[in-house]
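Structure first, commentary second.
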Amino acid sequence: MDRVAIVADSSACLPGELVAKYAIRLVPLGLNVDGEIIPDGSISAAEMFHRVEQAKSRVQTASTPPGDYLSAFRQARTDGAAAVLCLTLSASYSGTYAAASAAADLARNEIPVRVVDTGGLAMVHGFAVLGAARALQAGASIEQAASAAEQTGRSGRLIGALDTLRYLVKGGRVPWVVGWAASVLQIKPVLAFEGGRARSIARPRTWPAAEARMLAEAGAVTGARVAVMHSASPDRAAMLAQKVCERMHPAELLVTEFSSVMAVHTGPGFVGLAVCRDA
């Protein structure tokens with residue numbers, strides 16, 4: 001069977017060893033800091049938060065330009081791929097799908113490219129990418145792998161608790177008065193992202209309460225694939241991972257740190273869960 005290369009964006013937050021194992025080509029999103037585009041992953045989380053604090057204007061995320069995708073598609077062809085399966089995060093949150101589609105159209109006379117919006121964010125998107133990669137490795141066609149990615153991404157759940165609303169306020173996503181009140185009351189908002197929508201599900205004041213609510217929201221689902229994600233909070237992530245093992249008995253458990261383009265919205269201290277079932 002002709003080899004199919006997988007291209008994905010960096011917001012998938014995939015562990016480096018799995019990116020290497022499945023030869024996944026990651027195209028970085030970017031951060032616009034005072035007019036400078038900083039590629040995702042090019043600076044440490046500490047440096048990124050420092051740059052955000054020093055920024056003179058609102059820091060925004062930047063979708064990958066079509067040219068970067070086109071370069072990735074061409075490199076896949078040079079490396080011997082006969083086709084490309086390109087997987088992007090949910091179009092509800094980013095223009096990445098449109099950029100990848102434009103690049104696929106430019107590459108149509110060079111290499112066939114199938115672009116799929118997984119419908120997921122962070123490691124929900126990441127599990128969709130892994131599902132496609134594993135399907136291809138098992139001998140699936142490009143369409144079967146694309147279907148596996150779509151099913152995994154759209155059925156997955158992302159639940160997270162914020163240590164602060166400050167970074168959502170700085171990004172213009174939350175009114176300053178809400179952020180101020182949350183800070184004064186020491187609220188740790190718990191959010192859920194599902195089906196292209198975000199919703200607030202709880203406003204506990206302590207981390208144990210926030211952790212308990214995340215686990216309750218994840219449900220007693222055994223045999224799922226679970227990722228514990230964090231933003232500069234490895235100790236909290238490790239404790240949550242232990243509880244996931246004890247309560248959910250996952251088929252796969254990953255612990256991964258948010259990329260810069262994800263962490264810039266949550267700020268440091270975020271911990272969350274991505275829960276997915278195999279397609």
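Just remember, in the structure tokens the first chain shown is A, the second B, etc., residues are 1-based per chain, and ligands are 1-based in the order shown.
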
Can you tell me, as a ChimeraX atom specification, what residues are no more than 9 Å from Leu89 in chain A when counting only C-alpha atoms, ignoring any on the same chain fewer than 6 positions away? /A:8-9,11-12,96-97,116-122,125-126,153

Residue selection dump (N, CA and C atoms) as a PDB file, in the first residue's frame:
```pdb
ATOM      1  N   ALA A   8      -0.129  17.417  11.091  1.00  0.00           N
ATOM      2  CA  ALA A   8      -1.050  17.961  12.085  1.00  0.00           C
ATOM      3  C   ALA A   8      -0.489  19.279  12.612  1.00  0.00           C
ATOM      4  N   ASP A   9      -1.336  20.045  13.285  1.00  0.00           N
ATOM      5  CA  ASP A   9      -0.872  21.307  13.867  1.00  0.00           C
ATOM      6  C   ASP A   9      -0.416  21.087  15.303  1.00  0.00           C
ATOM      7  N   SER A  11      -1.155  22.398  18.080  1.00  0.00           N
ATOM      8  CA  SER A  11      -2.084  22.497  19.197  1.00  0.00           C
ATOM      9  C   SER A  11      -2.517  21.132  19.718  1.00  0.00           C
ATOM     10  N   ALA A  12      -2.168  20.059  19.003  1.00  0.00           N
ATOM     11  CA  ALA A  12      -2.508  18.711  19.445  1.00  0.00           C
ATOM     12  C   ALA A  12      -1.807  18.344  20.744  1.00  0.00           C
ATOM     13  N   THR A  96      -7.198  27.389  11.118  1.00  0.00           N
ATOM     14  CA  THR A  96      -6.196  26.425  10.648  1.00  0.00           C
ATOM     15  C   THR A  96      -6.739  25.511   9.551  1.00  0.00           C
ATOM     16  N   TYR A  97      -7.979  25.067   9.703  1.00  0.00           N
ATOM     17  CA  TYR A  97      -8.567  24.191   8.684  1.00  0.00           C
ATOM     18  C   TYR A  97      -8.612  24.895   7.330  1.00  0.00           C
ATOM     19  N   VAL A 116      -8.787  17.127   7.170  1.00  0.00           N
ATOM     20  CA  VAL A 116      -9.879  16.762   8.075  1.00  0.00           C
ATOM     21  C   VAL A 116      -9.869  17.672   9.298  1.00  0.00           C
ATOM     22  N   ASP A 117     -11.000  18.240   9.604  1.00  0.00           N
ATOM     23  CA  ASP A 117     -11.219  18.964  10.859  1.00  0.00           C
ATOM     24  C   ASP A 117     -11.635  17.921  11.888  1.00  0.00           C
ATOM     25  N   THR A 118     -10.779  17.664  12.885  1.00  0.00           N
ATOM     26  CA  THR A 118     -11.094  16.606  13.854  1.00  0.00           C
ATOM     27  C   THR A 118     -12.200  17.019  14.818  1.00  0.00           C
ATOM     28  N   GLY A 119     -12.462  18.326  14.898  1.00  0.00           N
ATOM     29  CA  GLY A 119     -13.480  18.793  15.831  1.00  0.00           C
ATOM     30  C   GLY A 119     -12.997  18.893  17.259  1.00  0.00           C
ATOM     31  N   GLY A 120     -11.710  18.591  17.492  1.00  0.00           N
ATOM     32  CA  GLY A 120     -11.195  18.563  18.853  1.00  0.00           C
ATOM     33  C   GLY A 120     -10.221  19.683  19.153  1.00  0.00           C
ATOM     34  N   LEU A 121      -9.918  19.819  20.439  1.00  0.00           N
ATOM     35  CA  LEU A 121      -8.915  20.758  20.923  1.00  0.00           C
ATOM     36  C   LEU A 121      -7.886  19.995  21.753  1.00  0.00           C
ATOM     37  N   ALA A 122      -6.673  20.521  21.806  1.00  0.00           N
ATOM     38  CA  ALA A 122      -5.620  19.966  22.660  1.00  0.00           C
ATOM     39  C   ALA A 122      -5.530  18.450  22.452  1.00  0.00           C
ATOM     40  N   HIS A 125      -7.939  16.551  20.170  1.00  0.00           N
ATOM     41  CA  HIS A 125      -7.387  16.618  18.813  1.00  0.00           C
ATOM     42  C   HIS A 125      -6.192  15.666  18.691  1.00  0.00           C
ATOM     43  N   GLY A 126      -5.354  15.637  19.714  1.00  0.00           N
ATOM     44  CA  GLY A 126      -4.185  14.759  19.699  1.00  0.00           C
ATOM     45  C   GLY A 126      -4.550  13.292  19.587  1.00  0.00           C
ATOM     46  N   GLY A 153     -12.260  12.534  17.446  1.00  0.00           N
ATOM     47  CA  GLY A 153     -12.276  13.946  17.807  1.00  0.00           C
ATOM     48  C   GLY A 153     -13.644  14.449  18.217  1.00  0.00           C
TER      49      GLY A 153
END
```

Find the spatial neighbours of Arg199 in chain A, counting only C-alpha atoms, within a cut-off of 12 Å - ignore same-chain residues fewer than 3 positions away - and output them as a VMD selection string. chain A and resid 157 to 161 189 to 196 202 to 203

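Minimum atom-to-atom distances from A:Ala45, A:Ala133, A:Ala5, A:Leu18 to Val113 in chain A were compared using only C-alpha atoms, and the lowest value belongs to A:Ala5.
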
For range 140-142 of chain A, find every residue with an atom within 12 Å (counting only C-alpha atoms), except residues of its own chain fewer than 2 positions away, and show them as an NGL selection string. :A and (1-6 or 82-87 or 112-116 or 131-138 or 144-149)

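If you measure from each of A:Ser231, A:Ser63, A:Asn109, A:Ser71 to Leu31 in chain A using only C-alpha atoms, the closest one turns out to be A:Ser63.
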
Write out as a PyMOL selection string which residues come within 9 Å of range 215-218 of chain A when counting only C-alpha atoms, dropping same-chain ones fewer than 4 positions away. chain A and resi 157-159+192+201+210-211+240+243-244+247-248+273-275

Could you give me, as a PyMOL selection string, the residues within 10 Å of Phe270 in chain A, counting only C-alpha atoms and dropping anything in the same chain fewer than 5 positions from it? chain A and resi 160-164+188+190+229-234+236-237+257-258+263+265

Write the residues of the selection above to a file with C-alpha atoms, as a compact mmCIF listing (two decimals), in the first residue's frame.
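Just written: again_9.txt:
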```txt
# COMPACT_ATOMS: atom_id res chain seq x y z
CA GLY A 160 -10.03 21.70 32.56
CA ALA A 161 -9.58 23.82 35.66
CA LEU A 162 -7.97 27.25 35.60
CA ASP A 163 -5.81 28.61 38.39
CA THR A 164 -6.54 32.14 37.19
CA LYS A 188 -10.85 27.91 40.15
CA VAL A 190 -13.86 24.35 35.66
CA MET A 229 -2.70 18.07 30.35
CA HIS A 230 -1.12 20.91 32.24
CA SER A 231 0.39 24.35 31.85
CA ALA A 232 3.56 24.67 33.95
CA SER A 233 1.98 22.49 36.65
CA PRO A 234 3.60 19.02 36.50
CA ARG A 236 -0.76 18.75 39.94
CA ALA A 237 -0.84 16.79 36.69
CA GLU A 257 2.18 19.86 28.73
CA PHE A 258 0.21 22.48 26.85
CA ALA A 263 -1.13 27.90 27.49
CA HIS A 265 -5.14 31.34 27.06
```

Test item, strand (DSSP E) assignment across range 8-148 of chain A, answer as a tab-separated table (two decimals) with N, CA and C atoms, in the first residue's frame:
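After the write, out.tsv holds the following:
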```tsv
chain	number	residue	atom	x	y	z
A	8	ALA	N	-0.13	17.42	11.09
A	8	ALA	CA	-1.05	17.96	12.08
A	8	ALA	C	-0.49	19.28	12.61
A	9	ASP	N	-1.34	20.04	13.28
A	9	ASP	CA	-0.87	21.31	13.87
A	9	ASP	C	-0.42	21.09	15.30
A	25	ARG	N	4.13	14.78	11.18
A	25	ARG	CA	4.73	16.08	10.86
A	25	ARG	C	3.89	17.18	11.50
A	26	LEU	N	4.49	17.91	12.43
A	26	LEU	CA	3.77	18.97	13.12
A	26	LEU	C	4.09	20.33	12.50
A	27	VAL	N	3.04	21.06	12.19
A	27	VAL	CA	3.18	22.42	11.67
A	27	VAL	C	2.80	23.37	12.79
A	30	GLY	N	1.15	29.93	15.83
A	30	GLY	CA	2.01	31.00	16.29
A	30	GLY	C	1.34	31.90	17.31
A	31	LEU	N	2.19	32.70	17.97
A	31	LEU	CA	1.72	33.74	18.88
A	31	LEU	C	2.12	35.09	18.31
A	32	ASN	N	1.19	36.01	18.26
A	32	ASN	CA	1.47	37.37	17.82
A	32	ASN	C	1.70	38.24	19.05
A	33	VAL	N	2.98	38.54	19.30
A	33	VAL	CA	3.35	39.34	20.46
A	33	VAL	C	3.92	40.67	19.96
A	36	GLU	N	5.25	40.53	16.46
A	36	GLU	CA	6.20	39.47	16.15
A	36	GLU	C	5.50	38.12	16.25
A	37	ILE	N	5.60	37.30	15.20
A	37	ILE	CA	5.00	35.97	15.22
A	37	ILE	C	6.03	34.99	15.77
A	38	ILE	N	5.70	34.39	16.90
A	38	ILE	CA	6.58	33.41	17.55
A	38	ILE	C	6.02	32.02	17.31
A	39	PRO	N	6.74	31.16	16.57
A	39	PRO	CA	6.24	29.81	16.30
A	39	PRO	C	6.03	29.01	17.59
A	60	GLN	N	-2.17	37.58	20.74
A	60	GLN	CA	-3.15	36.77	20.03
A	60	GLN	C	-2.47	35.56	19.42
A	61	THR	N	-3.24	34.49	19.26
A	61	THR	CA	-2.73	33.33	18.54
A	61	THR	C	-2.87	33.57	17.05
A	62	ALA	N	-1.97	32.97	16.28
A	62	ALA	CA	-1.97	33.14	14.83
A	62	ALA	C	-2.05	31.78	14.15
A	83	ALA	N	0.59	10.23	-0.52
A	83	ALA	CA	-0.56	11.07	-0.19
A	83	ALA	C	-0.36	11.61	1.23
A	84	VAL	N	-1.16	12.62	1.57
A	84	VAL	CA	-1.08	13.24	2.90
A	84	VAL	C	-2.46	13.27	3.52
A	85	LEU	N	-2.52	12.90	4.79
A	85	LEU	CA	-3.72	13.11	5.59
A	85	LEU	C	-3.39	14.23	6.57
A	86	CYS	N	-4.04	15.38	6.39
A	86	CYS	CA	-3.77	16.56	7.21
A	86	CYS	C	-4.91	16.75	8.20
A	87	LEU	N	-4.58	16.77	9.48
A	87	LEU	CA	-5.58	16.84	10.54
A	87	LEU	C	-5.44	18.14	11.31
A	88	THR	N	-6.53	18.90	11.40
A	88	THR	CA	-6.49	20.21	12.07
A	88	THR	C	-7.43	20.24	13.27
A	113	VAL	N	-3.94	15.46	-1.09
A	113	VAL	CA	-4.02	15.81	0.32
A	113	VAL	C	-5.48	15.75	0.77
A	114	ARG	N	-5.72	15.00	1.82
A	114	ARG	CA	-7.06	14.94	2.44
A	114	ARG	C	-6.99	15.74	3.73
A	115	VAL	N	-7.77	16.81	3.84
A	115	VAL	CA	-7.77	17.66	5.03
A	115	VAL	C	-9.01	17.35	5.88
A	116	VAL	N	-8.79	17.13	7.17
A	116	VAL	CA	-9.88	16.76	8.08
A	116	VAL	C	-9.87	17.67	9.30
A	117	ASP	N	-11.00	18.24	9.60
A	117	ASP	CA	-11.22	18.96	10.86
A	117	ASP	C	-11.63	17.92	11.89
```

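Distances here use only C-alpha atoms; by that measure, the residue among A:Val52, A:Ala224, A:Cys245, A:Met239 closest to Val264 in chain A is A:Val52.
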
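Closest approach to Thr64 in chain A among A:Asp40, A:Asp79, A:Asp235, A:Glu47: A:Asp40, based on only C-alpha atoms.
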
Alpha helix (DSSP H) positions in range 3-195 of chain A, given as a ChimeraX atom specification: /A:16-21,45-54,66-78,96-106,122-137,142-155,166-170,176-185

Restricting to only C-alpha atoms, whichever of A:Met123, A:Val261, A:Ala209, A:Val271 is closest to Val226 in chain A is A:Met123

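Near Gly41 in chain A, within a cut-off of 8 Å and counting only C-alpha atoms, sit the residues Pro28, Pro39, Ile43, Ser44, Ser259 and Ser260 of chain A, with same-chain residues fewer than 2 positions away left out.
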
Residues as selected, N, CA and C atoms, written as a PDB file, in the first residue's frame, can you do that?
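Final output, saved to result.pdb:
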```
ATOM      1  N   PRO A  28       3.692  24.255  13.206  1.00  0.00           N
ATOM      2  CA  PRO A  28       3.413  25.089  14.378  1.00  0.00           C
ATOM      3  C   PRO A  28       2.415  26.207  14.107  1.00  0.00           C
ATOM      4  N   PRO A  39       6.743  31.157  16.573  1.00  0.00           N
ATOM      5  CA  PRO A  39       6.237  29.809  16.305  1.00  0.00           C
ATOM      6  C   PRO A  39       6.034  29.012  17.591  1.00  0.00           C
ATOM      7  N   ILE A  43       9.935  28.742  22.033  1.00  0.00           N
ATOM      8  CA  ILE A  43      10.419  29.282  23.302  1.00  0.00           C
ATOM      9  C   ILE A  43       9.788  28.483  24.437  1.00  0.00           C
ATOM     10  N   SER A  44      10.404  28.536  25.604  1.00  0.00           N
ATOM     11  CA  SER A  44       9.891  27.805  26.757  1.00  0.00           C
ATOM     12  C   SER A  44       8.613  28.449  27.279  1.00  0.00           C
ATOM     13  N   SER A 259       1.035  23.297  24.751  1.00  0.00           N
ATOM     14  CA  SER A 259       1.910  24.101  23.902  1.00  0.00           C
ATOM     15  C   SER A 259       1.649  25.578  24.203  1.00  0.00           C
ATOM     16  N   SER A 260       2.535  26.443  23.709  1.00  0.00           N
ATOM     17  CA  SER A 260       2.418  27.880  23.998  1.00  0.00           C
ATOM     18  C   SER A 260       1.086  28.463  23.546  1.00  0.00           C
TER      19      SER A 260
END
```

Distance of CA of Phe73 in chain A from CA of Ala107 in chain A, expressed in Å to one decimal place: 7.4 Å
